[in-house]
There are 2 protein chains.
Amino acid sequence: MSEPAPAIILVRPQLSQNIGTTARAMLNCGLTDLRLVAPRDGWLDERALAACSGADALLHGARIFATTSEAVADLTRVWATTGRNRYMTKAVQTPRVAALDMRESVAAGMGVGVLFGPERTGLENDDVVLADTVLNVPLNPDYCSLNLAQAVLLIGYEWFQAGQGEPKAFDMSKGGWGRPATKEELLNLFTHLERELDACGFLRHQEKRPSMVRNIRNMFQRAGLTAQEIRTLHGMITELVTRRRRDVEPGSDDGRKLEDQ
Amino acid sequence: MSEPAPAIILVRPQLSQNIGTTARAMLNCGLTDLRLVAPRDGWLDERALAACSGADALLHGARIFATTSEAVADLTRVWATTGRNRYMTKAVQTPRVAALDMRESVAAGMGVGVLFGPERTGLENDDVVLADTVLNVPLNPDYCSLNLAQAVLLIGYEWFQAGQGEPKAFDMSKGGWGRPATKEELLNLFTHLERELDACGFLRHQEKRPSMVRNIRNMFQRAGLTAQEIRTLHGMITELVTRRRRDVEPGSDDGRKLEDQ
């Protein structure tokens, strides 16, 4: 519908009423791309429809995904809303600054989206790590319990306000930066890297594995990789370990010597 | 409670739940002066208390007035929120501009307040005329049905942001995110990585080597790595290639199998 705008991605929303009020807040701000990750069965109920106050089309058009990874796969820039400190090294923006950033990204043809966590618990670290940037809304530090739809409203409001002025031109294709990677390309890189790190034993401590994987993903996430850079990293990983495989397969020795041993 | 801030004045609110969510939105933004003009009997009910999500003190402290005139009597500057054109000659402001104005007025010792009308009908002209300035929230012109508490939130949000001053620069060294790596640490990582990429043959094309090395360095440079992350990357590289070495050194087989072949 209409011009490109950020996707709103509700991760495991608990209350159908909140999905309805979120749809209403989105439409207030001209946002229409609603995505739900693993919502409860029967989420599209009377409460959701009553709460959306006429924004029914957004609810009926919502796309459902089993995982957050799948929900962000086609996007290039992703923000994660969170009030808590995640002890991750990741850029943090206010909605106002983020909105300018989103406008620039969308103007450059990128798909962008914002992740919102479940009402009580917020996003899990494994979800946050899929984002490029953390969104933190500056509000009363002594009472920052923000309703889901209200958090969506504030982000959407800033998005809308940022479009009221002159949109700045931003061309990432200049300067040889290349096309930014989609999240799917990035996730494929993670899969490749983690498979090899499992194989070589780097991730052998099962209890530490989840946090190690998050930290590693976070580093590469933060680099804002291009599609070409992703291909380079795939190549690096493959060559770093392929030689090992050739060396251990019987009869596969191609006669080259290991240069540095 | 705390520093002087605008009063939120709900004129003839219809739903007790909306009074509750308004209290919540107010407290989010550090606002505590809630005034109700001719609310329905029994407005302070279970729905209001459930919806206020812990902001009970605002509901219990709300002041009740019979008329809008009485509710604004002690104030010096009053804004009226309305989406409709009132055909009145009156200044119109966006919440962002109004917030600066409110801050100035409060700093000058004036009492300020914002009028919000009943959910379905909005403010009557007789209420609007009591205000100095009309507040108009720039949102989707095709769908501007804004919930009462959400309208309050947007005004309160701008009030809060106007008090924040310049957005603070994000300080990576705080909050346990780890110390950013020195350039020496980063260069040591580059040396390690490039040595291994030479060894496995990834950088075997001598004419392309300089630009490949630059591109690879650039990716990691851009990630803004911490000292801890640099250590993790050293470990990853070492383990990815160590296994290879163990496998090819005569008698070095430790009996483990390669898991992924």
# chains A, B, ... in the order shown; residues from 1 in each chain; ligands from 1

call {"tool": "calpha_fit_rmsd", "arguments": {"fixed": "chain A", "moving": "chain B"}}
result
24.2 Å

call {"tool": "select_by_dssp", "arguments": {"residues": "segment 34-254 of chain A", "states": "helix (DSSP H, G or I)", "output": "ChimeraX atom specification"}}
result
/A:46-51,56-60,68-72,95-107,125-128,148-162,174-176,183-200,209-222,227-248

call {"tool": "select_by_dssp", "arguments": {"residues": "segment 80-127 of chain A", "states": "strand (DSSP E)", "output": "list in words"}}
result
Ala80, Thr81, Ala91, Val92, Gln93, Val112, Gly113, Val114, Leu115 and Phe116 of chain A

call {"tool": "residues_around", "arguments": {"residues": "Pro118 of chain B", "least_positions_apart": "4", "cutoff": "8 Å", "atoms": "only C-alpha atoms", "output": "JSON, numbers by chain"}}
result
{"B": [10, 11, 12, 13, 14, 122, 123]}

call {"tool": "residues_around", "arguments": {"residues": "segment 136-153 of chain B", "least_positions_apart": "5", "cutoff": "8 Å", "atoms": "only C-alpha atoms", "output": "ChimeraX atom specification"}}
result
/A:25,27-30,150,153,157,160-161 /B:8,18-19,21-22,25-26,29,81-83,92-95,116,119

call {"tool": "closest_residue", "arguments": {"among": "B:Ala38, B:Leu15, B:Ala91, B:Cys52", "to": "chain A", "atoms": "only C-alpha atoms"}}
result
B:Cys52

call {"tool": "closest_residue", "arguments": {"among": "A:Ser105, A:Gln17, A:Thr121, A:Ser53", "to": "chain B", "atoms": "only C-alpha atoms"}}
result
A:Ser53

call {"tool": "closest_residue", "arguments": {"among": "A:Val72, A:Leu197, A:Ala162, A:Ala107", "to": "Val213 of chain A", "atoms": "only C-alpha atoms"}}
result
A:Leu197
